[in-house]
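These notes concern the structure reproduced below.
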Amino acid sequence: MYLLEKAPAKINLSLDVLYKRPDQYHEVEMVMTTIDLADRIELIVLQEDRIEIKSENRFVPNDERNLAYRAAKLLKDTFSIQNGVRIYIEKQIPVAAGLAGGSSDAAATLRGLNKLWNLNLSTKELADLGAEIGSDVSFCVYDSTALASGRGEQITELPPPPACWVVLAKPAIGVSTQTIYQNLNLEDVQHPSTKKMVEAIQQQRYEEICSQVGNVLETVTLRLYPEVKQIKEQMEQSGADAVLMSGSGPTVFALVQQESRAQRMYNSLKGFCEEVYMVRMLGYPQTLD
Ligand SMILES: C[C@](O)(CO)[C@H](O)COP(=O)(O)OP(=O)(O)OC[C@H]1O[C@@H](n2ccc(N)nc2=O)[C@H](O)[C@@H]1O
Ligand SMILES: Nc1ncnc2c1ncn2[C@@H]1O[C@H](COP(=O)(O)OP(=O)(O)OP(=O)(O)O)[C@@H](O)[C@H]1O
């Protein structure tokens, strides 16, 4: 038995941190959506009791460090599944970029194995299981647009935002999410208004969405990595409707409604940044076949 799942990247349209919790996580309020930059996950059921990970990308671990491996293991252990699975990850999402690539692979594995192993779990049940793997996995299970609170695992779905182009640039550095949260000084940030962002999406007001984007982790990453700041400034100067860093970075994205303007921005960024993408905003679940 065999199944394909699409695992799209996410962007944070807003990311607010409320306080540091006693369990070493931070209480957050994030508005997230998906974009048409996606990994492709192929799942093949094995009669033998083992989990295999295959990927041509050298940055993707092929053992229990892989979040997709952990997703399969979690379902196997929780539901005493005797079969194994081969998981082939065709990687399109840049690794360690702030785009939840690993979390989305884990979520796609949960969705796919739910079908292949006839578990009949609801999206909420899968998302709750996903939270055991990582804070972003629950959102990725929903594969839509949502407000995420708690440490990121409490999901309230929202309608997809109005369509637009998303131009992304990832500087050639890796950023540790843990380091960024550790260096956050909550007295030194400007909090975005989650409420206004949610209302702007509910009312489908593109300009209001653009004026409400904000990410408190940006303060930390831009201070620690000047190359991220440089890319952000370059995007701001080339006529974006809004520019923001996604998650803990280092990827910066621009929202642009006009295709020709997005194309010009893509071309000019390509001149000094190797990893640049121009994709559509999605915000609703996609199928592959
Ligand atoms: C930055 C974001 O990607 C935004 O969507 C998420 O908040 C992070 O999600 P993630 O990568 O799935 O994070 P996890 O794997 O759960 O946690 C990695 C590390 O980030 C820190 N962390 C994460 C989430 C959170 N709400 N507070 C935190 O302080 C913790 O130090 C944790 O050890
Ligand atoms: N399926 C996977 N794809 C990519 N990286 C993975 C995967 N599973 C585990 N990893 C590990 O996780 C690390 C972070 O990768 P990932 O691409 O998920 O980061 P990210 O986009 O910054 O995540 P987030 O936005 O959730 O913080 C990588 O360095 C890699 O070693």
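Lettering and numbering for the structure tokens are positional, with chains as A, B, ... in the shown order, residues counted from 1 in each chain, and ligands counted from 1 in the shown order.
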Where in range 49-255 of chain A does DSSP assign strand (DSSP E), given as a VMD selection string? chain A and resid 51 to 55 84 to 90 145 to 150 154 to 158 165 to 170 214 to 215 242 to 245 252 to 255
Restricted to C-alpha atoms, what would the selected residues look like written as a PDB file, in the first residue's frame?
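Okay, part38.pdb is ready:
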ATOM      1  CA  ILE A  51      10.676   2.584   9.849  1.00  0.00           C
ATOM      2  CA  GLU A  52      12.900   3.636   6.950  1.00  0.00           C
ATOM      3  CA  ILE A  53      13.612   7.256   5.985  1.00  0.00           C
ATOM      4  CA  LYS A  54      14.973   8.110   2.562  1.00  0.00           C
ATOM      5  CA  SER A  55      15.836  11.528   1.187  1.00  0.00           C
ATOM      6  CA  GLY A  84       6.460  -0.788   9.196  1.00  0.00           C
ATOM      7  CA  VAL A  85       6.732   2.072   6.719  1.00  0.00           C
ATOM      8  CA  ARG A  86       9.211   3.473   4.201  1.00  0.00           C
ATOM      9  CA  ILE A  87       9.062   7.280   4.119  1.00  0.00           C
ATOM     10  CA  TYR A  88      10.571   8.987   1.105  1.00  0.00           C
ATOM     11  CA  ILE A  89      10.995  12.747   1.600  1.00  0.00           C
ATOM     12  CA  GLU A  90      11.407  14.812  -1.556  1.00  0.00           C
ATOM     13  CA  THR A 145      -4.636  29.120   8.188  1.00  0.00           C
ATOM     14  CA  ALA A 146      -4.905  29.364  11.960  1.00  0.00           C
ATOM     15  CA  LEU A 147      -4.313  31.145  15.212  1.00  0.00           C
ATOM     16  CA  ALA A 148      -1.912  29.034  17.281  1.00  0.00           C
ATOM     17  CA  SER A 149      -1.646  29.656  21.018  1.00  0.00           C
ATOM     18  CA  GLY A 150      -0.283  27.910  24.103  1.00  0.00           C
ATOM     19  CA  GLN A 154      -3.690  25.072  20.462  1.00  0.00           C
ATOM     20  CA  ILE A 155      -5.212  25.663  17.041  1.00  0.00           C
ATOM     21  CA  THR A 156      -8.169  27.818  16.015  1.00  0.00           C
ATOM     22  CA  GLU A 157      -8.732  27.645  12.268  1.00  0.00           C
ATOM     23  CA  LEU A 158      -9.205  30.818  10.208  1.00  0.00           C
ATOM     24  CA  TRP A 165       2.546  36.294  -4.126  1.00  0.00           C
ATOM     25  CA  VAL A 166       5.078  35.407  -1.446  1.00  0.00           C
ATOM     26  CA  VAL A 167       8.750  36.043  -2.230  1.00  0.00           C
ATOM     27  CA  LEU A 168      11.094  34.334   0.230  1.00  0.00           C
ATOM     28  CA  ALA A 169      14.838  34.660   0.737  1.00  0.00           C
ATOM     29  CA  LYS A 170      16.909  32.493   3.054  1.00  0.00           C
ATOM     30  CA  GLY A 214       4.824  41.536  13.119  1.00  0.00           C
ATOM     31  CA  ASN A 215       7.167  39.009  14.760  1.00  0.00           C
ATOM     32  CA  ALA A 242       4.735  43.774   3.656  1.00  0.00           C
ATOM     33  CA  VAL A 243       8.023  42.185   4.777  1.00  0.00           C
ATOM     34  CA  LEU A 244       8.567  39.906   7.781  1.00  0.00           C
ATOM     35  CA  MET A 245      10.868  37.202   9.087  1.00  0.00           C
ATOM     36  CA  VAL A 252      12.418  36.624   5.332  1.00  0.00           C
ATOM     37  CA  PHE A 253       9.295  36.860   3.167  1.00  0.00           C
ATOM     38  CA  ALA A 254       7.553  39.629   1.270  1.00  0.00           C
ATOM     39  CA  LEU A 255       3.854  39.768   0.408  1.00  0.00           C
TER      40      LEU A 255
END
Shell of 9 Å around ligand 1 (only C-alpha atoms and all ligand atoms), written as an MDAnalysis selection string: chainID A and resid 10:12 15 17 20:21 23:32 96 98:100 102:103 131:139 148:153 176:182 217 246:249
Name the residues of range 26-249 of chain A that come out as helix (DSSP H, G or I) in a backbone DSSP run; write them as an MDAnalysis selection string. chainID A and resid 67:78 101:116 123:130 137:142 177:182 186:188 194:202 206:212 217:224 226:237
So how many Å separate CA of Cys273 in chain A and CA of Gln234 in chain A, to one decimal?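 Interatomic distance, CA of Cys273 in chain A to CA of Gln234 in chain A: 11.0 Å.
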In terms of the shortest atom-to-atom distance over only C-alpha atoms and all ligand atoms, which of A:Lys76, A:Thr251, A:Arg205, A:Gln237 is closest to ligand 2?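 The answer is A:Thr251, which sits nearest to ligand 2.
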Leaving out Asn118 in chain A and any residue of its chain fewer than 6 positions from it, which residues lie within 12 Å of it when counting only C-alpha atoms, given as a PyMOL selection string? chain A and resi 1+75+79+81+110-112
Top pick for closest residue to Arg50 in chain A, considering A:Leu37, A:Val276, A:Met281, A:Ala72 and counting only C-alpha atoms: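 Closest candidate: A:Ala72.
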Between A:Asn267, A:Ser14, A:Ser238, A:Gln230, which residue has the minimum interatomic distance to Lys196 in chain A, considering only C-alpha atoms?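 Closest candidate: A:Ser14.
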Report as an NGL selection string all protein, DNA and RNA residues lying within 6 Å of range 64-69 of chain A, evaluated on only C-alpha atoms, omitting residues in the same chain fewer than 4 positions from it. :A and (102 or 105-106 or 109)
File of the preceding selection, C-alpha atoms, as a PDB file, in the first residue's frame:
ATOM      1  CA  GLY A 102      10.470  19.080   9.435  1.00  0.00           C
ATOM      2  CA  ASP A 105       6.886  16.336   7.040  1.00  0.00           C
ATOM      3  CA  ALA A 106       5.872  14.918  10.442  1.00  0.00           C
ATOM      4  CA  THR A 109       3.259  11.429   7.834  1.00  0.00           C
TER       5      THR A 109
END
Using only C-alpha atoms and all ligand atoms, which of the listed residues (A:Ala107, A:Leu126, A:Leu3, A:Ile209) sits closest to ligand 2?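 With only C-alpha atoms and all ligand atoms as the atom set, the closest residue is A:Ala107.
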